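A.B. asks: Would you mind keeping the following structure in view while I ask a few things?
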Amino acid sequence: MYHALAGRDLLSIADLSRDDIDAVLDAGALAKGGGHLGRPLEGRCLAMIFQRPSNRTRVSFEVAIQRLGGHPIPVFSQEIQMGERESVADVSRILDRYLDAIVARLTSHRDLLRMAANADAPVVNAMTDREHPCQVLADLLTVREATGGLRGVPVAYVGDGNNVCTSWIYAAAICGIDLRIVCPPGYEPPAAVLETGQALRGDGTRMLLSHDPGPVLDGAAIIYTDVWASMGQEAEQQRRREDFAHLQVNDALVARAAPGARVMHCLPAHRGEEITDSVLDGPQSIVFDQAENRMWVQQALLALVFAGAVP
Ligand code: CP
Ligand code: NVA
């Protein structure tokens, strides 16, 4: 029986062990294959706070919570006005009295840490400026489905050293993935993230950070990209379009990776910017499987947090 995740927060991928990640992916695969994860959320209410727009995260969490017997309560920022109407700490203390868990997409990772520090209930990071752990758990399940494993898989991350990239660095270190990152100068992941990634390195982990797509794409089994301008960076969109133009994931770039390499994107995509229609809708794309997997891994995660084990 696997109890290591019972009652825990998920704020960062760096908080997870390889066993934790495997337990989530195995339970997610079980659910996806028709297995029943029980109803550990029966009679429980979970808040889902969104300070940023969302399609996949909110809907897939709502479905996952319902499937486990729980009741999701979406709370939007215009209503709660966190930090304006009330402090983050007070919002958290109040929700903690009413609810069994808080799933939060917050603009600031610091606010998420503040929220977790003021709630005994588990807090799950549904994306901040710093990390997107639930996305990357779904990504890992998708890579495992596509390649049969994780250890040593050559993954080319093409784009911005952003929140998704950070979660990928931690996941790759913990799971022994051969992660290669290519970004324009000035868009590298933060130095502290790279240091933490180094500290987490396990057996087989390889990490390359380059401004040259050549060595990053050479032999890559997975090509991964994300938007050039994340939510909140809209004012930089034009400058970023220019700086990242040579890293567009188009047919020519995909042809530089291993034959049959799979293409992933966390979505939403800015079609025609970081990725072309022909790649996103093409035979090597697994982006819609990837998006579906959000629902299965989140169901698995919540089952492990609340039941400690899956039946
Ligand atoms: N990938 C992802 O988190 O999508 P949403 O922003 O639509 O939730
Ligand atoms: N990096 C993107 C991910 C969206 C799911 C953002 O933060 O907007």
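As shown in the structure tokens, the chain order sets the letters A, B, ...; within each chain, residues go from 1, and ligands are also counted from 1 in the order they appear.
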Going by DSSP on the backbone, which bits of segment 106-186 of chain A are strand (DSSP E or B)? Write them as a count of residues only, please.
C.D. replies: 13
A.B. asks: Using only C-alpha atoms, which protein or nucleic acid residues come within 6 Å of segment 124-141 of chain A? Drop anything in the same chain fewer than 2 positions from it, and give the result as a list in words.
C.D. replies: Asp9, Leu10, Leu11, Ser12, Ile13, Leu25, Val103, Ala104, Arg105, Leu106, Thr107, Ser108, His109, Val143, Arg144, Asn163, Val164, Ser167, Asn293, Arg294 and Val297 of chain A
A.B. asks: So that I have them on file, write out the residues from the current selection with N, CA, C and O atoms, as a PDB file, in the first residue's frame.
C.D. replies:
ATOM      1  N   ASP A   9       0.633  18.367   0.532  1.00  0.00           N
ATOM      2  CA  ASP A   9       0.481  19.411  -0.494  1.00  0.00           C
ATOM      3  C   ASP A   9       1.213  18.962  -1.748  1.00  0.00           C
ATOM      4  O   ASP A   9       2.162  18.171  -1.659  1.00  0.00           O
ATOM      5  N   LEU A  10       0.818  19.497  -2.889  1.00  0.00           N
ATOM      6  CA  LEU A  10       1.674  19.396  -4.082  1.00  0.00           C
ATOM      7  C   LEU A  10       1.920  20.824  -4.578  1.00  0.00           C
ATOM      8  O   LEU A  10       1.081  21.410  -5.268  1.00  0.00           O
ATOM      9  N   LEU A  11       3.043  21.379  -4.184  1.00  0.00           N
ATOM     10  CA  LEU A  11       3.368  22.752  -4.571  1.00  0.00           C
ATOM     11  C   LEU A  11       4.394  22.760  -5.687  1.00  0.00           C
ATOM     12  O   LEU A  11       4.378  23.625  -6.554  1.00  0.00           O
ATOM     13  N   SER A  12       5.281  21.765  -5.669  1.00  0.00           N
ATOM     14  CA  SER A  12       6.370  21.688  -6.653  1.00  0.00           C
ATOM     15  C   SER A  12       6.672  20.239  -6.963  1.00  0.00           C
ATOM     16  O   SER A  12       6.602  19.379  -6.076  1.00  0.00           O
ATOM     17  N   ILE A  13       7.072  19.986  -8.191  1.00  0.00           N
ATOM     18  CA  ILE A  13       7.514  18.635  -8.553  1.00  0.00           C
ATOM     19  C   ILE A  13       8.723  18.242  -7.701  1.00  0.00           C
ATOM     20  O   ILE A  13       8.915  17.072  -7.372  1.00  0.00           O
ATOM     21  N   LEU A  25       1.621   8.084 -11.621  1.00  0.00           N
ATOM     22  CA  LEU A  25       1.500   7.668 -13.028  1.00  0.00           C
ATOM     23  C   LEU A  25       0.834   6.291 -13.127  1.00  0.00           C
ATOM     24  O   LEU A  25       0.005   6.056 -14.012  1.00  0.00           O
ATOM     25  N   VAL A 103      -7.260  23.622  -4.463  1.00  0.00           N
ATOM     26  CA  VAL A 103      -6.509  23.543  -5.718  1.00  0.00           C
ATOM     27  C   VAL A 103      -6.398  24.991  -6.188  1.00  0.00           C
ATOM     28  O   VAL A 103      -7.422  25.665  -6.322  1.00  0.00           O
ATOM     29  N   ALA A 104      -5.170  25.483  -6.408  1.00  0.00           N
ATOM     30  CA  ALA A 104      -5.046  26.920  -6.659  1.00  0.00           C
ATOM     31  C   ALA A 104      -4.153  27.238  -7.846  1.00  0.00           C
ATOM     32  O   ALA A 104      -3.008  26.784  -7.912  1.00  0.00           O
ATOM     33  N   ARG A 105      -4.689  28.020  -8.770  1.00  0.00           N
ATOM     34  CA  ARG A 105      -3.878  28.622  -9.835  1.00  0.00           C
ATOM     35  C   ARG A 105      -3.692  30.082  -9.455  1.00  0.00           C
ATOM     36  O   ARG A 105      -4.623  30.888  -9.577  1.00  0.00           O
ATOM     37  N   LEU A 106      -2.505  30.394  -8.967  1.00  0.00           N
ATOM     38  CA  LEU A 106      -2.246  31.745  -8.484  1.00  0.00           C
ATOM     39  C   LEU A 106      -1.176  32.406  -9.342  1.00  0.00           C
ATOM     40  O   LEU A 106      -0.271  31.742  -9.851  1.00  0.00           O
ATOM     41  N   THR A 107      -1.297  33.713  -9.471  1.00  0.00           N
ATOM     42  CA  THR A 107      -0.320  34.481 -10.226  1.00  0.00           C
ATOM     43  C   THR A 107       1.070  34.317  -9.610  1.00  0.00           C
ATOM     44  O   THR A 107       2.059  34.141 -10.321  1.00  0.00           O
ATOM     45  N   SER A 108       1.120  34.354  -8.297  1.00  0.00           N
ATOM     46  CA  SER A 108       2.413  34.365  -7.615  1.00  0.00           C
ATOM     47  C   SER A 108       2.635  33.075  -6.816  1.00  0.00           C
ATOM     48  O   SER A 108       1.799  32.695  -5.985  1.00  0.00           O
ATOM     49  N   HIS A 109       3.792  32.466  -7.042  1.00  0.00           N
ATOM     50  CA  HIS A 109       4.126  31.249  -6.298  1.00  0.00           C
ATOM     51  C   HIS A 109       4.267  31.559  -4.805  1.00  0.00           C
ATOM     52  O   HIS A 109       3.937  30.732  -3.964  1.00  0.00           O
ATOM     53  N   VAL A 143       4.640  10.752 -21.929  1.00  0.00           N
ATOM     54  CA  VAL A 143       5.950  10.289 -22.428  1.00  0.00           C
ATOM     55  C   VAL A 143       6.080   8.777 -22.210  1.00  0.00           C
ATOM     56  O   VAL A 143       6.534   8.048 -23.082  1.00  0.00           O
ATOM     57  N   ARG A 144       5.640   8.337 -21.036  1.00  0.00           N
ATOM     58  CA  ARG A 144       5.714   6.902 -20.729  1.00  0.00           C
ATOM     59  C   ARG A 144       4.874   6.093 -21.719  1.00  0.00           C
ATOM     60  O   ARG A 144       5.301   5.046 -22.191  1.00  0.00           O
ATOM     61  N   ASN A 163       7.597  28.534 -16.276  1.00  0.00           N
ATOM     62  CA  ASN A 163       7.052  27.678 -15.212  1.00  0.00           C
ATOM     63  C   ASN A 163       6.981  26.203 -15.623  1.00  0.00           C
ATOM     64  O   ASN A 163       7.329  25.305 -14.854  1.00  0.00           O
ATOM     65  N   VAL A 164       6.558  25.936 -16.852  1.00  0.00           N
ATOM     66  CA  VAL A 164       6.452  24.554 -17.328  1.00  0.00           C
ATOM     67  C   VAL A 164       7.853  23.956 -17.450  1.00  0.00           C
ATOM     68  O   VAL A 164       8.107  22.816 -17.036  1.00  0.00           O
ATOM     69  N   SER A 167       9.163  22.945 -13.993  1.00  0.00           N
ATOM     70  CA  SER A 167       8.631  21.656 -13.515  1.00  0.00           C
ATOM     71  C   SER A 167       9.266  20.511 -14.291  1.00  0.00           C
ATOM     72  O   SER A 167       9.522  19.435 -13.742  1.00  0.00           O
ATOM     73  N   ASN A 293      -4.616  13.366 -20.476  1.00  0.00           N
ATOM     74  CA  ASN A 293      -3.941  12.781 -19.312  1.00  0.00           C
ATOM     75  C   ASN A 293      -3.962  13.670 -18.082  1.00  0.00           C
ATOM     76  O   ASN A 293      -3.767  13.196 -16.969  1.00  0.00           O
ATOM     77  N   ARG A 294      -4.226  14.968 -18.264  1.00  0.00           N
ATOM     78  CA  ARG A 294      -4.384  15.845 -17.096  1.00  0.00           C
ATOM     79  C   ARG A 294      -5.440  15.266 -16.151  1.00  0.00           C
ATOM     80  O   ARG A 294      -5.256  15.220 -14.944  1.00  0.00           O
ATOM     81  N   VAL A 297      -4.190  11.889 -14.324  1.00  0.00           N
ATOM     82  CA  VAL A 297      -3.167  12.018 -13.263  1.00  0.00           C
ATOM     83  C   VAL A 297      -3.709  12.819 -12.077  1.00  0.00           C
ATOM     84  O   VAL A 297      -3.347  12.540 -10.936  1.00  0.00           O
TER      85      VAL A 297
END
A.B. asks: Using only C-alpha atoms, which residues sit within 10 Å of segment 221-227 of chain A once same-chain residues fewer than 6 positions away are excluded, as JSON, numbers by chain?
C.D. replies: {"A": [139, 143, 146, 147, 153, 154, 155, 156, 157, 158, 159, 160, 161, 162, 163, 164, 165, 179, 180, 181, 237, 240, 241, 247, 248, 249, 253, 254, 257, 258, 259, 260, 261, 262, 263, 264, 265, 266, 267, 268, 269, 270, 271, 273, 274, 275, 284, 285, 286, 287]}
A.B. asks: Out of A:Leu150, A:Ile94, A:Ala303, A:Ile177, which residue has the shortest atom-to-atom distance to Asp120 of chain A when counting only C-alpha atoms?
C.D. replies: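 Ranking A:Leu150, A:Ile94, A:Ala303, A:Ile177 by distance to Asp120 of chain A, first place goes to A:Ile94.
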A.B. asks: My list of candidates is A:Pro53, A:Gly83, A:Pro40, A:Gly28. Which is closest to ligand 2 when distances are computed with only C-alpha atoms and all ligand atoms?
C.D. replies: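 The shortest atom-to-atom distance to ligand 2 comes from A:Pro53.
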A.B. asks: Skipping near chain neighbours, those fewer than 2 positions away, what residues fall within 8 Å of segment 73-82 of chain A using only C-alpha atoms, listed as a ChimeraX atom specification?
C.D. replies: /A:45-52,58,71,84-88,91
A.B. asks: Selected residues, N, CA and C atoms, written as a short mmCIF file (atom, residue, chain, number, x, y, z; two decimals), in the first residue's frame, please.
C.D. replies:
data_model
loop_
_atom_site.label_atom_id
_atom_site.label_comp_id
_atom_site.auth_asym_id
_atom_site.auth_seq_id
_atom_site.Cartn_x
_atom_site.Cartn_y
_atom_site.Cartn_z
N CYS A 45 -15.54 18.54 0.09
CA CYS A 45 -15.61 19.68 -0.82
C CYS A 45 -14.20 20.22 -1.04
N LEU A 46 -13.89 20.52 -2.29
CA LEU A 46 -12.56 21.04 -2.63
C LEU A 46 -12.73 22.37 -3.36
N ALA A 47 -12.01 23.40 -2.95
CA ALA A 47 -12.07 24.68 -3.65
C ALA A 47 -11.07 24.67 -4.78
N MET A 48 -11.42 25.31 -5.85
CA MET A 48 -10.49 25.49 -6.97
C MET A 48 -10.43 26.99 -7.24
N ILE A 49 -9.31 27.60 -6.83
CA ILE A 49 -9.17 29.05 -6.96
C ILE A 49 -8.41 29.37 -8.24
N PHE A 50 -8.96 30.25 -9.05
CA PHE A 50 -8.31 30.61 -10.32
C PHE A 50 -8.12 32.11 -10.43
N GLN A 51 -6.85 32.52 -10.36
CA GLN A 51 -6.50 33.93 -10.61
C GLN A 51 -6.13 34.15 -12.07
N ARG A 52 -6.04 33.07 -12.84
CA ARG A 52 -5.72 33.15 -14.27
C ARG A 52 -6.74 32.31 -15.03
N ARG A 58 -9.04 23.58 -14.97
CA ARG A 58 -10.27 23.65 -14.18
C ARG A 58 -11.21 22.50 -14.51
N HIS A 71 -16.98 17.12 -4.22
CA HIS A 71 -17.70 18.26 -4.77
C HIS A 71 -16.73 19.43 -4.99
N GLU A 84 -6.55 41.92 -2.09
CA GLU A 84 -7.18 43.25 -2.14
C GLU A 84 -8.30 43.32 -1.10
N ARG A 85 -9.29 42.44 -1.31
CA ARG A 85 -10.42 42.42 -0.36
C ARG A 85 -9.98 41.81 0.97
N GLU A 86 -9.06 40.86 0.86
CA GLU A 86 -8.61 40.10 2.03
C GLU A 86 -7.22 39.56 1.74
N SER A 87 -6.42 39.37 2.77
CA SER A 87 -5.06 38.87 2.54
C SER A 87 -5.10 37.40 2.14
N VAL A 88 -4.03 36.97 1.50
CA VAL A 88 -3.92 35.56 1.09
C VAL A 88 -4.03 34.66 2.33
N VAL A 91 -7.68 34.49 3.50
CA VAL A 91 -8.49 33.66 2.58
C VAL A 91 -8.21 32.19 2.87
#
A.B. asks: Based on DSSP run over this structure's backbone, return all residues of segment 79-276 of chain A in alpha helix (DSSP H), as a short mmCIF file (atom, residue, chain, number, x, y, z; two decimals) with N, CA, C and O atoms, in the first residue's frame.
C.D. replies:
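Result file follows (selection_12.cif):
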data_model
loop_
_atom_site.label_atom_id
_atom_site.label_comp_id
_atom_site.auth_asym_id
_atom_site.auth_seq_id
_atom_site.Cartn_x
_atom_site.Cartn_y
_atom_site.Cartn_z
N GLU A 79 -14.13 37.41 -7.68
CA GLU A 79 -15.02 37.20 -6.55
C GLU A 79 -14.24 37.32 -5.24
O GLU A 79 -14.61 38.04 -4.34
N ILE A 80 -13.14 36.62 -5.21
CA ILE A 80 -12.40 36.49 -3.95
C ILE A 80 -11.43 37.67 -3.73
O ILE A 80 -11.12 38.03 -2.61
N VAL A 88 -4.03 36.97 1.50
CA VAL A 88 -3.92 35.56 1.09
C VAL A 88 -4.03 34.66 2.33
O VAL A 88 -4.73 33.65 2.32
N ALA A 89 -3.36 35.06 3.39
CA ALA A 89 -3.36 34.24 4.60
C ALA A 89 -4.77 34.11 5.16
O ALA A 89 -5.20 33.01 5.55
N ASP A 90 -5.53 35.21 5.17
CA ASP A 90 -6.90 35.13 5.72
C ASP A 90 -7.81 34.31 4.82
O ASP A 90 -8.62 33.52 5.31
N VAL A 91 -7.68 34.49 3.50
CA VAL A 91 -8.49 33.66 2.58
C VAL A 91 -8.21 32.19 2.87
O VAL A 91 -9.12 31.37 2.99
N SER A 92 -6.95 31.88 3.04
CA SER A 92 -6.56 30.49 3.24
C SER A 92 -7.09 29.95 4.56
O SER A 92 -7.64 28.84 4.63
N ARG A 93 -6.97 30.73 5.62
CA ARG A 93 -7.46 30.29 6.94
C ARG A 93 -8.96 30.01 6.90
O ARG A 93 -9.44 29.06 7.51
N ILE A 94 -9.69 30.85 6.17
CA ILE A 94 -11.14 30.68 6.10
C ILE A 94 -11.48 29.43 5.30
O ILE A 94 -12.24 28.56 5.74
N LEU A 95 -10.89 29.31 4.12
CA LEU A 95 -11.21 28.15 3.28
C LEU A 95 -10.84 26.85 3.99
O LEU A 95 -11.51 25.84 3.86
N ASP A 96 -9.78 26.90 4.76
CA ASP A 96 -9.33 25.72 5.50
C ASP A 96 -10.39 25.25 6.50
O ASP A 96 -10.49 24.06 6.79
N ARG A 97 -11.20 26.19 7.01
CA ARG A 97 -12.27 25.81 7.96
C ARG A 97 -13.43 25.11 7.26
O ARG A 97 -14.20 24.39 7.87
N TYR A 98 -13.62 25.43 5.96
CA TYR A 98 -14.80 24.92 5.25
C TYR A 98 -14.51 23.67 4.42
O TYR A 98 -15.41 22.89 4.13
N HIS A 109 3.79 32.47 -7.04
CA HIS A 109 4.13 31.25 -6.30
C HIS A 109 4.27 31.56 -4.80
O HIS A 109 3.94 30.73 -3.96
N ARG A 110 4.73 32.77 -4.51
CA ARG A 110 4.85 33.15 -3.08
C ARG A 110 3.51 33.10 -2.40
O ARG A 110 3.39 32.69 -1.25
N ASP A 111 2.47 33.57 -3.11
CA ASP A 111 1.12 33.51 -2.53
C ASP A 111 0.69 32.07 -2.31
O ASP A 111 0.02 31.75 -1.33
N LEU A 112 1.08 31.19 -3.22
CA LEU A 112 0.73 29.77 -3.05
C LEU A 112 1.39 29.22 -1.79
O LEU A 112 0.75 28.49 -1.01
N LEU A 113 2.65 29.57 -1.58
CA LEU A 113 3.36 29.10 -0.37
C LEU A 113 2.69 29.67 0.88
O LEU A 113 2.52 28.98 1.88
N ARG A 114 2.27 30.94 0.79
CA ARG A 114 1.57 31.58 1.91
C ARG A 114 0.24 30.87 2.18
O ARG A 114 -0.15 30.63 3.32
N MET A 115 -0.43 30.51 1.10
CA MET A 115 -1.71 29.82 1.23
C MET A 115 -1.50 28.47 1.92
O MET A 115 -2.22 28.11 2.86
N ALA A 116 -0.49 27.75 1.48
CA ALA A 116 -0.23 26.41 2.06
C ALA A 116 0.18 26.54 3.53
O ALA A 116 -0.18 25.69 4.35
N ALA A 117 0.91 27.60 3.84
CA ALA A 117 1.38 27.77 5.23
C ALA A 117 0.22 28.07 6.17
O ALA A 117 0.34 27.89 7.38
N PRO A 133 3.15 21.82 -11.78
CA PRO A 133 3.44 20.41 -11.53
C PRO A 133 2.40 19.42 -12.06
O PRO A 133 2.77 18.33 -12.52
N CYS A 134 1.11 19.80 -12.00
CA CYS A 134 0.09 18.86 -12.48
C CYS A 134 0.22 18.65 -13.99
O CYS A 134 0.01 17.55 -14.50
N GLN A 135 0.58 19.71 -14.70
CA GLN A 135 0.82 19.59 -16.14
C GLN A 135 1.94 18.59 -16.40
O GLN A 135 1.81 17.69 -17.24
N VAL A 136 3.01 18.72 -15.66
CA VAL A 136 4.18 17.89 -15.97
C VAL A 136 3.95 16.43 -15.52
O VAL A 136 4.46 15.52 -16.15
N LEU A 137 3.13 16.22 -14.49
CA LEU A 137 2.79 14.82 -14.17
C LEU A 137 2.04 14.19 -15.35
O LEU A 137 2.30 13.05 -15.72
N ALA A 138 1.12 14.94 -15.93
CA ALA A 138 0.40 14.42 -17.11
C ALA A 138 1.36 14.23 -18.27
O ALA A 138 1.25 13.26 -19.04
N ASP A 139 2.33 15.12 -18.40
CA ASP A 139 3.31 15.01 -19.48
C ASP A 139 4.12 13.72 -19.31
O ASP A 139 4.42 13.03 -20.29
N LEU A 140 4.47 13.41 -18.07
CA LEU A 140 5.29 12.21 -17.83
C LEU A 140 4.51 10.96 -18.19
O LEU A 140 5.05 10.01 -18.77
N LEU A 141 3.23 10.94 -17.85
CA LEU A 141 2.41 9.78 -18.24
C LEU A 141 2.37 9.67 -19.77
O LEU A 141 2.48 8.58 -20.32
N THR A 142 2.27 10.80 -20.43
CA THR A 142 2.21 10.81 -21.89
C THR A 142 3.52 10.32 -22.51
O THR A 142 3.51 9.56 -23.48
N VAL A 143 4.64 10.75 -21.93
CA VAL A 143 5.95 10.29 -22.43
C VAL A 143 6.08 8.78 -22.21
O VAL A 143 6.53 8.05 -23.08
N ARG A 144 5.64 8.34 -21.04
CA ARG A 144 5.71 6.90 -20.73
C ARG A 144 4.87 6.09 -21.72
O ARG A 144 5.30 5.05 -22.19
N GLU A 145 3.69 6.59 -22.04
CA GLU A 145 2.83 5.90 -23.02
C GLU A 145 3.50 5.86 -24.40
O GLU A 145 3.42 4.88 -25.12
N ALA A 146 4.14 6.98 -24.75
CA ALA A 146 4.70 7.11 -26.11
C ALA A 146 5.99 6.34 -26.29
O ALA A 146 6.28 5.86 -27.39
N THR A 147 6.77 6.23 -25.22
CA THR A 147 8.12 5.65 -25.38
C THR A 147 8.32 4.38 -24.56
O THR A 147 9.35 3.72 -24.70
N ASN A 163 7.60 28.53 -16.28
CA ASN A 163 7.05 27.68 -15.21
C ASN A 163 6.98 26.20 -15.62
O ASN A 163 7.33 25.30 -14.85
N VAL A 164 6.56 25.94 -16.85
CA VAL A 164 6.45 24.55 -17.33
C VAL A 164 7.85 23.96 -17.45
O VAL A 164 8.11 22.82 -17.04
N CYS A 165 8.78 24.76 -17.96
CA CYS A 165 10.16 24.31 -18.09
C CYS A 165 10.75 23.97 -16.72
O CYS A 165 11.44 22.95 -16.55
N THR A 166 10.45 24.79 -15.74
CA THR A 166 10.95 24.53 -14.38
C THR A 166 10.45 23.19 -13.86
O THR A 166 11.23 22.38 -13.34
N SER A 167 9.16 22.94 -13.99
CA SER A 167 8.63 21.66 -13.51
C SER A 167 9.27 20.51 -14.29
O SER A 167 9.52 19.44 -13.74
N TRP A 168 9.55 20.72 -15.57
CA TRP A 168 10.21 19.70 -16.38
C TRP A 168 11.63 19.43 -15.89
O TRP A 168 12.09 18.28 -15.88
N ILE A 169 12.34 20.47 -15.51
CA ILE A 169 13.72 20.30 -15.03
C ILE A 169 13.71 19.42 -13.77
O ILE A 169 14.49 18.47 -13.65
N TYR A 170 12.80 19.70 -12.85
CA TYR A 170 12.74 18.91 -11.62
C TYR A 170 12.32 17.47 -11.94
O TYR A 170 12.90 16.52 -11.42
N ALA A 171 11.32 17.32 -12.79
CA ALA A 171 10.83 15.98 -13.12
C ALA A 171 11.91 15.16 -13.81
O ALA A 171 12.12 13.98 -13.51
N ALA A 172 12.62 15.80 -14.72
CA ALA A 172 13.67 15.09 -15.46
C ALA A 172 14.78 14.65 -14.52
O ALA A 172 15.30 13.53 -14.63
N ALA A 173 15.12 15.52 -13.57
CA ALA A 173 16.18 15.17 -12.61
C ALA A 173 15.74 13.97 -11.77
O ALA A 173 16.51 13.01 -11.59
N ILE A 174 14.51 14.00 -11.30
CA ILE A 174 14.03 12.93 -10.40
C ILE A 174 13.85 11.62 -11.17
O ILE A 174 14.12 10.54 -10.64
N CYS A 175 13.43 11.70 -12.42
CA CYS A 175 13.09 10.49 -13.18
C CYS A 175 14.21 10.01 -14.10
O CYS A 175 14.03 9.04 -14.84
N ALA A 191 18.61 30.63 -12.48
CA ALA A 191 19.79 29.90 -11.99
C ALA A 191 19.44 29.01 -10.80
O ALA A 191 19.94 27.88 -10.68
N ALA A 192 18.57 29.50 -9.92
CA ALA A 192 18.21 28.70 -8.73
C ALA A 192 17.51 27.41 -9.12
O ALA A 192 17.66 26.37 -8.47
N VAL A 193 16.74 27.47 -10.21
CA VAL A 193 16.03 26.27 -10.70
C VAL A 193 17.05 25.25 -11.22
O VAL A 193 16.97 24.06 -10.93
N LEU A 194 18.03 25.76 -11.96
CA LEU A 194 19.05 24.85 -12.50
C LEU A 194 19.85 24.22 -11.36
O LEU A 194 20.17 23.03 -11.40
N GLU A 195 20.11 25.00 -10.32
CA GLU A 195 20.84 24.45 -9.15
C GLU A 195 20.01 23.37 -8.47
O GLU A 195 20.53 22.31 -8.12
N THR A 196 18.74 23.64 -8.27
CA THR A 196 17.88 22.62 -7.64
C THR A 196 17.82 21.38 -8.51
O THR A 196 17.87 20.25 -8.03
N GLY A 197 17.73 21.60 -9.81
CA GLY A 197 17.72 20.46 -10.75
C GLY A 197 18.98 19.62 -10.60
O GLY A 197 18.92 18.39 -10.56
N GLN A 198 20.11 20.27 -10.47
CA GLN A 198 21.38 19.55 -10.27
C GLN A 198 21.33 18.74 -8.98
O GLN A 198 21.74 17.59 -8.94
N ALA A 199 20.81 19.38 -7.93
CA ALA A 199 20.79 18.72 -6.62
C ALA A 199 19.86 17.50 -6.62
O ALA A 199 20.08 16.55 -5.87
N LEU A 200 18.84 17.52 -7.49
CA LEU A 200 17.87 16.42 -7.51
C LEU A 200 18.29 15.28 -8.45
O LEU A 200 17.62 14.26 -8.49
N PRO A 213 19.78 24.83 -31.38
CA PRO A 213 18.85 23.69 -31.44
C PRO A 213 19.51 22.38 -31.89
O PRO A 213 18.99 21.30 -31.59
N GLY A 214 20.67 22.46 -32.55
CA GLY A 214 21.30 21.26 -33.11
C GLY A 214 21.46 20.12 -32.11
O GLY A 214 20.80 19.07 -32.24
N PRO A 215 22.29 20.30 -31.07
CA PRO A 215 22.51 19.20 -30.11
C PRO A 215 21.27 18.86 -29.29
O PRO A 215 21.16 17.75 -28.77
N VAL A 216 20.35 19.79 -29.18
CA VAL A 216 19.13 19.55 -28.40
C VAL A 216 18.19 18.61 -29.16
O VAL A 216 17.60 17.69 -28.59
N LEU A 217 18.11 18.82 -30.46
CA LEU A 217 17.18 18.01 -31.26
C LEU A 217 17.77 16.69 -31.72
O LEU A 217 17.03 15.73 -31.99
N GLN A 237 4.87 40.32 -25.73
CA GLN A 237 4.57 39.37 -26.80
C GLN A 237 5.33 39.67 -28.10
O GLN A 237 5.92 38.78 -28.70
N GLN A 238 5.33 40.95 -28.50
CA GLN A 238 5.96 41.27 -29.78
C GLN A 238 7.47 41.04 -29.74
O GLN A 238 8.04 40.44 -30.64
N ARG A 239 8.10 41.49 -28.66
CA ARG A 239 9.55 41.29 -28.54
C ARG A 239 9.88 39.80 -28.51
O ARG A 239 10.81 39.33 -29.15
N ARG A 240 9.09 39.05 -27.79
CA ARG A 240 9.32 37.61 -27.69
C ARG A 240 9.11 36.92 -29.05
O ARG A 240 9.83 36.00 -29.39
N ARG A 241 8.12 37.39 -29.82
CA ARG A 241 7.90 36.82 -31.16
C ARG A 241 9.18 36.91 -31.98
O ARG A 241 9.54 35.99 -32.70
N GLU A 242 9.85 38.05 -31.86
CA GLU A 242 11.10 38.23 -32.62
C GLU A 242 12.22 37.38 -32.05
O GLU A 242 12.94 36.71 -32.78
N ASP A 243 12.34 37.36 -30.74
CA ASP A 243 13.46 36.65 -30.11
C ASP A 243 13.37 35.12 -30.28
O ASP A 243 14.39 34.42 -30.30
N PHE A 244 12.15 34.62 -30.36
CA PHE A 244 11.97 33.15 -30.41
C PHE A 244 11.72 32.62 -31.82
O PHE A 244 11.60 31.40 -32.00
N ASP A 251 7.65 21.95 -39.40
CA ASP A 251 8.04 20.66 -40.01
C ASP A 251 9.55 20.53 -40.12
O ASP A 251 10.10 19.44 -39.89
N ALA A 252 10.23 21.63 -40.45
CA ALA A 252 11.69 21.57 -40.63
C ALA A 252 12.37 21.27 -39.29
O ALA A 252 13.32 20.47 -39.23
N LEU A 253 11.88 21.89 -38.22
CA LEU A 253 12.51 21.64 -36.90
C LEU A 253 12.24 20.20 -36.46
O LEU A 253 13.15 19.51 -35.98
N VAL A 254 11.03 19.73 -36.66
CA VAL A 254 10.69 18.36 -36.25
C VAL A 254 11.56 17.35 -37.01
O VAL A 254 12.00 16.34 -36.44
#
A.B. asks: I'd like the interatomic distance between atom CA of Glu42 of chain A and atom CA of Ala291 of chain A, to a tenth of an Å.
C.D. replies: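 Interatomic distance, atom CA of Glu42 of chain A to atom CA of Ala291 of chain A: 25.8 Å.
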A.B. asks: Between atom CA of Leu16 of chain A and atom CA of Ser210 of chain A, what is the distance in Å, rounded to a tenth?
C.D. replies: 26.7 Å
A.B. asks: Using only C-alpha atoms, find the one residue out of A:Gly38, A:Pro122, A:Gly69, A:Gly272 that sits nearest to Val310 of chain A.
C.D. replies: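 The shortest atom-to-atom distance to Val310 of chain A comes from A:Gly38.
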A.B. asks: Quick one: everything within 8 Å of Gly204 of chain A, counting only C-alpha atoms, minus sequence neighbours fewer than 4 positions away in the same chain. Send it as a list in words.
C.D. replies: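 Answer for this query is Arg151, Gly152, Gly176, Ile177 and Asp178 of chain A.
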A.B. asks: Restricted to N, CA and C atoms, what would the selected residues look like written as a PDB file, in the first residue's frame?
C.D. replies:
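The resulting file, part_35.pdb, is reproduced below:
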ATOM      1  N   ARG A 151      13.243   6.733 -17.946  1.00  0.00           N
ATOM      2  CA  ARG A 151      14.687   6.810 -17.737  1.00  0.00           C
ATOM      3  C   ARG A 151      15.437   6.869 -19.060  1.00  0.00           C
ATOM      4  N   GLY A 152      16.241   7.904 -19.218  1.00  0.00           N
ATOM      5  CA  GLY A 152      17.084   8.025 -20.400  1.00  0.00           C
ATOM      6  C   GLY A 152      16.377   8.523 -21.647  1.00  0.00           C
ATOM      7  N   GLY A 176      15.364  10.650 -14.101  1.00  0.00           N
ATOM      8  CA  GLY A 176      16.473  10.181 -14.928  1.00  0.00           C
ATOM      9  C   GLY A 176      16.259  10.391 -16.416  1.00  0.00           C
ATOM     10  N   ILE A 177      15.621  11.505 -16.756  1.00  0.00           N
ATOM     11  CA  ILE A 177      15.345  11.817 -18.168  1.00  0.00           C
ATOM     12  C   ILE A 177      16.527  12.593 -18.759  1.00  0.00           C
ATOM     13  N   ASP A 178      16.742  12.419 -20.052  1.00  0.00           N
ATOM     14  CA  ASP A 178      17.796  13.134 -20.782  1.00  0.00           C
ATOM     15  C   ASP A 178      17.159  14.415 -21.348  1.00  0.00           C
TER      16      ASP A 178
END
